[in-house]
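Engineer: Dropping a structure here in structure tokens format, bear with me for questions.
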Amino acid sequence: MRIHHKTVALNPDSNLQKAATNHVNYVMQQGTLTHFQAGSRQLYDPFDRAVFYKAAFGTVGENIAFTYIGKLTKSNYGKPHTNFTYEEVADDLVKMWKHSAEHFKNLTEKEFTHSGIAIAFSYKEQALYAVQVYGGNKKK
């Protein structure tokens, strides 16, 4: 998708991945999608989490989403559907981000050169949560 929009492929960054892991666990525990961690100054927003995990980027963005596995899912695109395979889940998450203006902007932002992604599965909800953190303007 990034190549189609004339942007470079994202490079993996282990520190952004740590920030993504921290936040995916937070949103799963809270059971709600939010970019903010209430009650934590050091981890409050995506930039704060990137700094906390020593990701050296001047610009940070974040996409979050969740989808169900094996039960009816309503999304921001198309008709309600049910995901049964990992491929269907991955496709569903990307489609959700593609059909949201702010999330799509992060997916195709030329300034972002690195990312970290994390997923978490809630057995109770039969839901998969995903967080992708983006970094740009790498500091030296």
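Residues are referred to by chain and number: the chain letter is A, B, ... according to the order shown in the structure tokens, the number counts from 1 in that chain, and ligands are numbered separately from 1 in the order shown.
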For the interface of range 17-81 of chain A with range 95-109 of chain A (cut-off 12 Å, counting only C-alpha atoms), please tabulate each contacting residue of range 17-81 of chain A alongside its nearest pair of atoms and their separation in Å to one decimal, rows sorted by chain and increasing number, as JSON lines.
Structural biologist:
```
{"residue": "A:Thr59", "atom": "CA", "partner": "A:Glu109", "partner_atom": "CA", "distance": 10.9}
{"residue": "A:Val60", "atom": "CA", "partner": "A:Asn106", "partner_atom": "CA", "distance": 9.4}
{"residue": "A:Gly61", "atom": "CA", "partner": "A:Asn106", "partner_atom": "CA", "distance": 6.4}
{"residue": "A:Glu62", "atom": "CA", "partner": "A:Asn106", "partner_atom": "CA", "distance": 7.2}
{"residue": "A:Asn63", "atom": "CA", "partner": "A:His103", "partner_atom": "CA", "distance": 5.8}
{"residue": "A:Ile64", "atom": "CA", "partner": "A:Trp97", "partner_atom": "CA", "distance": 8.3}
{"residue": "A:Ala65", "atom": "CA", "partner": "A:Met96", "partner_atom": "CA", "distance": 7.6}
{"residue": "A:Phe66", "atom": "CA", "partner": "A:Met96", "partner_atom": "CA", "distance": 9.1}
{"residue": "A:Thr67", "atom": "CA", "partner": "A:Met96", "partner_atom": "CA", "distance": 9.4}
{"residue": "A:Thr73", "atom": "CA", "partner": "A:Met96", "partner_atom": "CA", "distance": 11.5}
{"residue": "A:Lys74", "atom": "CA", "partner": "A:Met96", "partner_atom": "CA", "distance": 10.3}
{"residue": "A:Ser75", "atom": "CA", "partner": "A:Met96", "partner_atom": "CA", "distance": 6.8}
{"residue": "A:Asn76", "atom": "CA", "partner": "A:Met96", "partner_atom": "CA", "distance": 6.1}
{"residue": "A:Tyr77", "atom": "CA", "partner": "A:His99", "partner_atom": "CA", "distance": 6.5}
{"residue": "A:Gly78", "atom": "CA", "partner": "A:Lys95", "partner_atom": "CA", "distance": 9.7}
```
Engineer: Quick check, in Å to one decimal: how far apart do CA of Ala19 in chain A and CA of Gly31 in chain A lie?
Structural biologist: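 So the answer is 18.2 Å.
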Engineer: Mind the document's chain letters and residue numbers, and return as a PyMOL selection string the residues of chain A that DSSP labels alpha helix (DSSP H).
Structural biologist: chain A and resi 14-30+46-52+86-98+101-108
Engineer: Taking a cut-off of 8 Å and counting only C-alpha atoms, can you build a table that, for each residue of range 9-88 of chain A near range 113-121 of chain A, reports the nearest atom pair and how far apart they are in Å (one decimal), sorted by chain then residue number, as CSV?
Structural biologist:
```
residue,atom,partner,partner_atom,distance
A:Ala9,CA,A:Thr113,CA,7.2
A:Leu10,CA,A:His114,CA,4.8
A:Asn11,CA,A:His114,CA,4.5
A:Pro12,CA,A:Ser115,CA,5.2
A:Asp13,CA,A:Gly116,CA,5.6
A:Ser14,CA,A:Gly116,CA,6.5
A:Asn15,CA,A:Gly116,CA,7.4
A:Leu16,CA,A:Gly116,CA,4.6
A:Gln17,CA,A:Gly116,CA,3.7
A:Lys18,CA,A:Gly116,CA,7.4
A:Ala19,CA,A:Gly116,CA,7.7
A:Ala20,CA,A:Ala118,CA,5.4
A:Thr21,CA,A:Ala118,CA,5.1
A:Val24,CA,A:Ala120,CA,6.4
A:Asn25,CA,A:Ala120,CA,6.6
A:Met28,CA,A:Ala120,CA,7.2
```
Engineer: In terms of the shortest atom-to-atom distance over only C-alpha atoms, which of A:Val94, A:Gln30, A:Glu111, A:Tyr44 is closest to Met1 in chain A?
Structural biologist: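 Among the listed residues, the smallest separation from Met1 in chain A belongs to A:Val94.
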Engineer: Which is closest to Asn83 in chain A among A:Asp45, A:Lys110, A:Val51, A:Gln126, if we use only C-alpha atoms?
Structural biologist: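 Of the candidates, the smallest distance to Asn83 in chain A is held by A:Gln126.
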Engineer: Pick out the residues sitting within 9 Å of Gln37 in chain A, and hand them over as a ChimeraX atom specification; count only C-alpha atoms, and ignore anything fewer than 4 positions along from it in its own chain.
Structural biologist: /A:23,26-27,41,43-45
Engineer: Skip Val89 in chain A itself and residues of its chain fewer than 4 positions away, then list as a list in words all residues within 8 Å of it, counting only C-alpha atoms.
Structural biologist: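 My list of contacting residues is Thr67, Tyr68, Ile69, Asn83, Phe84, Thr85 and Leu93 of chain A.
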Engineer: Store the residues picked out above, limited to C-alpha atoms, as a PDB file, in the first residue's frame.
Structural biologist:
```pdb
ATOM      1  CA  THR A  67     -11.766  -7.358  15.584  1.00  0.00           C
ATOM      2  CA  TYR A  68     -13.506 -10.507  16.679  1.00  0.00           C
ATOM      3  CA  ILE A  69     -12.553 -14.042  15.751  1.00  0.00           C
ATOM      4  CA  ASN A  83     -13.382 -13.745  10.667  1.00  0.00           C
ATOM      5  CA  PHE A  84     -12.241 -17.350  10.930  1.00  0.00           C
ATOM      6  CA  THR A  85      -8.583 -17.296   9.809  1.00  0.00           C
ATOM      7  CA  LEU A  93      -7.608  -4.779  10.509  1.00  0.00           C
TER       8      LEU A  93
END
```
Engineer: Between A:Gln132, A:Asn137, A:Asn22, A:Thr7, which residue has the minimum interatomic distance to Tyr53 in chain A, considering only C-alpha atoms?
Structural biologist: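 Result for the nearest residue to Tyr53 in chain A: A:Asn22.
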Engineer: What does the distance from CA of Val133 in chain A to CA of Phe112 in chain A come to in Å, to one decimal?
Structural biologist: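 Pair CA of Val133 in chain A / CA of Phe112 in chain A returns 9.8 Å.
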Engineer: I'd like the interatomic distance between CA of Ala56 in chain A and CA of Lys138 in chain A, to a tenth of an Å.
Structural biologist: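 It comes out at 5.8 Å.
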Engineer: List every residue of range 61-126 of chain A that DSSP, applied to the backbone of this structure, assigns to strand (DSSP E or B), and report them as a list of chain:residue names.
Structural biologist: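 Answer for range 61-126 of chain A restricted to strand (DSSP E or B) is A:Gly61, A:Glu62, A:Asn63, A:Ile64, A:Ala65, A:Phe66, A:Thr67, A:Tyr68, A:Leu72, A:Thr73, A:His81, A:Thr82, A:Phe112, A:Thr113, A:His114, A:Ser115, A:Gly116, A:Ile117, A:Ala118, A:Ile119, A:Ala120, A:Phe121, A:Ser122.
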Engineer: Hey, can you spit out that residue selection with N, CA, C and O atoms as an mmCIF file, in the first residue's frame?
Structural biologist:
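Wrote result_1.cif, looks like this:
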```
data_model
loop_
_atom_site.group_PDB
_atom_site.id
_atom_site.type_symbol
_atom_site.label_atom_id
_atom_site.label_comp_id
_atom_site.auth_asym_id
_atom_site.auth_seq_id
_atom_site.Cartn_x
_atom_site.Cartn_y
_atom_site.Cartn_z
ATOM 1 N N GLY A 61 3.230 8.418 15.318
ATOM 2 C CA GLY A 61 1.805 8.208 15.082
ATOM 3 C C GLY A 61 1.421 6.826 15.563
ATOM 4 O O GLY A 61 2.290 5.988 15.840
ATOM 5 N N GLU A 62 0.119 6.591 15.652
ATOM 6 C CA GLU A 62 -0.329 5.298 16.172
ATOM 7 C C GLU A 62 -1.682 4.932 15.567
ATOM 8 O O GLU A 62 -2.569 5.770 15.474
ATOM 9 N N ASN A 63 -1.818 3.692 15.176
ATOM 10 C CA ASN A 63 -3.097 3.122 14.760
ATOM 11 C C ASN A 63 -3.465 2.020 15.737
ATOM 12 O O ASN A 63 -2.606 1.219 16.124
ATOM 13 N N ILE A 64 -4.735 1.990 16.116
ATOM 14 C CA ILE A 64 -5.226 0.915 16.976
ATOM 15 C C ILE A 64 -6.530 0.385 16.393
ATOM 16 O O ILE A 64 -7.269 1.119 15.730
ATOM 17 N N ALA A 65 -6.806 -0.874 16.635
ATOM 18 C CA ALA A 65 -8.055 -1.476 16.180
ATOM 19 C C ALA A 65 -8.252 -2.803 16.897
ATOM 20 O O ALA A 65 -7.329 -3.326 17.518
ATOM 21 N N PHE A 66 -9.476 -3.320 16.806
ATOM 22 C CA PHE A 66 -9.710 -4.687 17.254
ATOM 23 C C PHE A 66 -10.774 -5.307 16.373
ATOM 24 O O PHE A 66 -11.562 -4.610 15.733
ATOM 25 N N THR A 67 -10.763 -6.616 16.330
ATOM 26 C CA THR A 67 -11.766 -7.358 15.584
ATOM 27 C C THR A 67 -12.019 -8.675 16.302
ATOM 28 O O THR A 67 -11.172 -9.142 17.067
ATOM 29 N N TYR A 68 -13.164 -9.233 16.065
ATOM 30 C CA TYR A 68 -13.506 -10.507 16.679
ATOM 31 C C TYR A 68 -13.060 -11.673 15.813
ATOM 32 O O TYR A 68 -12.915 -11.543 14.603
ATOM 33 N N LEU A 72 -19.619 -12.510 14.888
ATOM 34 C CA LEU A 72 -19.993 -11.425 14.003
ATOM 35 C C LEU A 72 -19.266 -10.136 14.364
ATOM 36 O O LEU A 72 -19.233 -9.733 15.526
ATOM 37 N N THR A 73 -18.673 -9.519 13.356
ATOM 38 C CA THR A 73 -17.915 -8.281 13.511
ATOM 39 C C THR A 73 -18.579 -7.181 12.701
ATOM 40 O O THR A 73 -18.871 -7.361 11.526
ATOM 41 N N HIS A 81 -19.527 -9.167 9.244
ATOM 42 C CA HIS A 81 -18.900 -10.400 8.764
ATOM 43 C C HIS A 81 -18.277 -11.149 9.936
ATOM 44 O O HIS A 81 -18.196 -10.617 11.041
ATOM 45 N N THR A 82 -17.818 -12.355 9.666
ATOM 46 C CA THR A 82 -17.151 -13.162 10.679
ATOM 47 C C THR A 82 -15.775 -13.562 10.167
ATOM 48 O O THR A 82 -15.639 -14.038 9.041
ATOM 49 N N PHE A 112 6.843 9.046 8.011
ATOM 50 C CA PHE A 112 7.096 7.855 8.812
ATOM 51 C C PHE A 112 7.983 6.878 8.046
ATOM 52 O O PHE A 112 7.707 6.533 6.898
ATOM 53 N N THR A 113 9.058 6.451 8.699
ATOM 54 C CA THR A 113 10.017 5.546 8.074
ATOM 55 C C THR A 113 10.171 4.227 8.833
ATOM 56 O O THR A 113 10.757 3.286 8.320
ATOM 57 N N HIS A 114 9.662 4.186 10.061
ATOM 58 C CA HIS A 114 9.821 3.013 10.920
ATOM 59 C C HIS A 114 8.497 2.704 11.615
ATOM 60 O O HIS A 114 7.658 3.598 11.766
ATOM 61 N N SER A 115 8.367 1.457 12.057
ATOM 62 C CA SER A 115 7.177 1.116 12.836
ATOM 63 C C SER A 115 7.428 -0.095 13.713
ATOM 64 O O SER A 115 8.389 -0.841 13.521
ATOM 65 N N GLY A 116 6.550 -0.244 14.660
ATOM 66 C CA GLY A 116 6.495 -1.433 15.503
ATOM 67 C C GLY A 116 5.037 -1.806 15.652
ATOM 68 O O GLY A 116 4.183 -0.932 15.781
ATOM 69 N N ILE A 117 4.748 -3.078 15.599
ATOM 70 C CA ILE A 117 3.360 -3.526 15.693
ATOM 71 C C ILE A 117 3.254 -4.623 16.730
ATOM 72 O O ILE A 117 4.185 -5.414 16.921
ATOM 73 N N ALA A 118 2.108 -4.636 17.427
ATOM 74 C CA ALA A 118 1.872 -5.670 18.437
ATOM 75 C C ALA A 118 0.403 -6.058 18.400
ATOM 76 O O ALA A 118 -0.464 -5.234 18.099
ATOM 77 N N ILE A 119 0.154 -7.320 18.705
ATOM 78 C CA ILE A 119 -1.219 -7.807 18.797
ATOM 79 C C ILE A 119 -1.403 -8.514 20.130
ATOM 80 O O ILE A 119 -0.439 -8.990 20.734
ATOM 81 N N ALA A 120 -2.648 -8.553 20.580
ATOM 82 C CA ALA A 120 -2.988 -9.276 21.806
ATOM 83 C C ALA A 120 -4.364 -9.890 21.612
ATOM 84 O O ALA A 120 -5.240 -9.276 20.991
ATOM 85 N N PHE A 121 -4.545 -11.083 22.140
ATOM 86 C CA PHE A 121 -5.803 -11.788 21.988
ATOM 87 C C PHE A 121 -6.499 -11.910 23.330
ATOM 88 O O PHE A 121 -5.904 -12.338 24.315
ATOM 89 N N SER A 122 -7.760 -11.511 23.365
ATOM 90 C CA SER A 122 -8.586 -11.656 24.560
ATOM 91 C C SER A 122 -9.436 -12.917 24.404
ATOM 92 O O SER A 122 -10.348 -12.955 23.567
#
```
Engineer: Which one is closest to Gly136 in chain A: A:Val8, A:Ile3, A:Ser40, A:Gly58? Count only C-alpha atoms.
Structural biologist: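 Nearest candidate to Gly136 in chain A out of A:Val8, A:Ile3, A:Ser40, A:Gly58: A:Gly58.
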Engineer: Could you check which of A:Lys54, A:Asp92, A:Glu125, A:His5 is closest to Lys71 in chain A, using only C-alpha atoms?
Structural biologist: A:Glu125
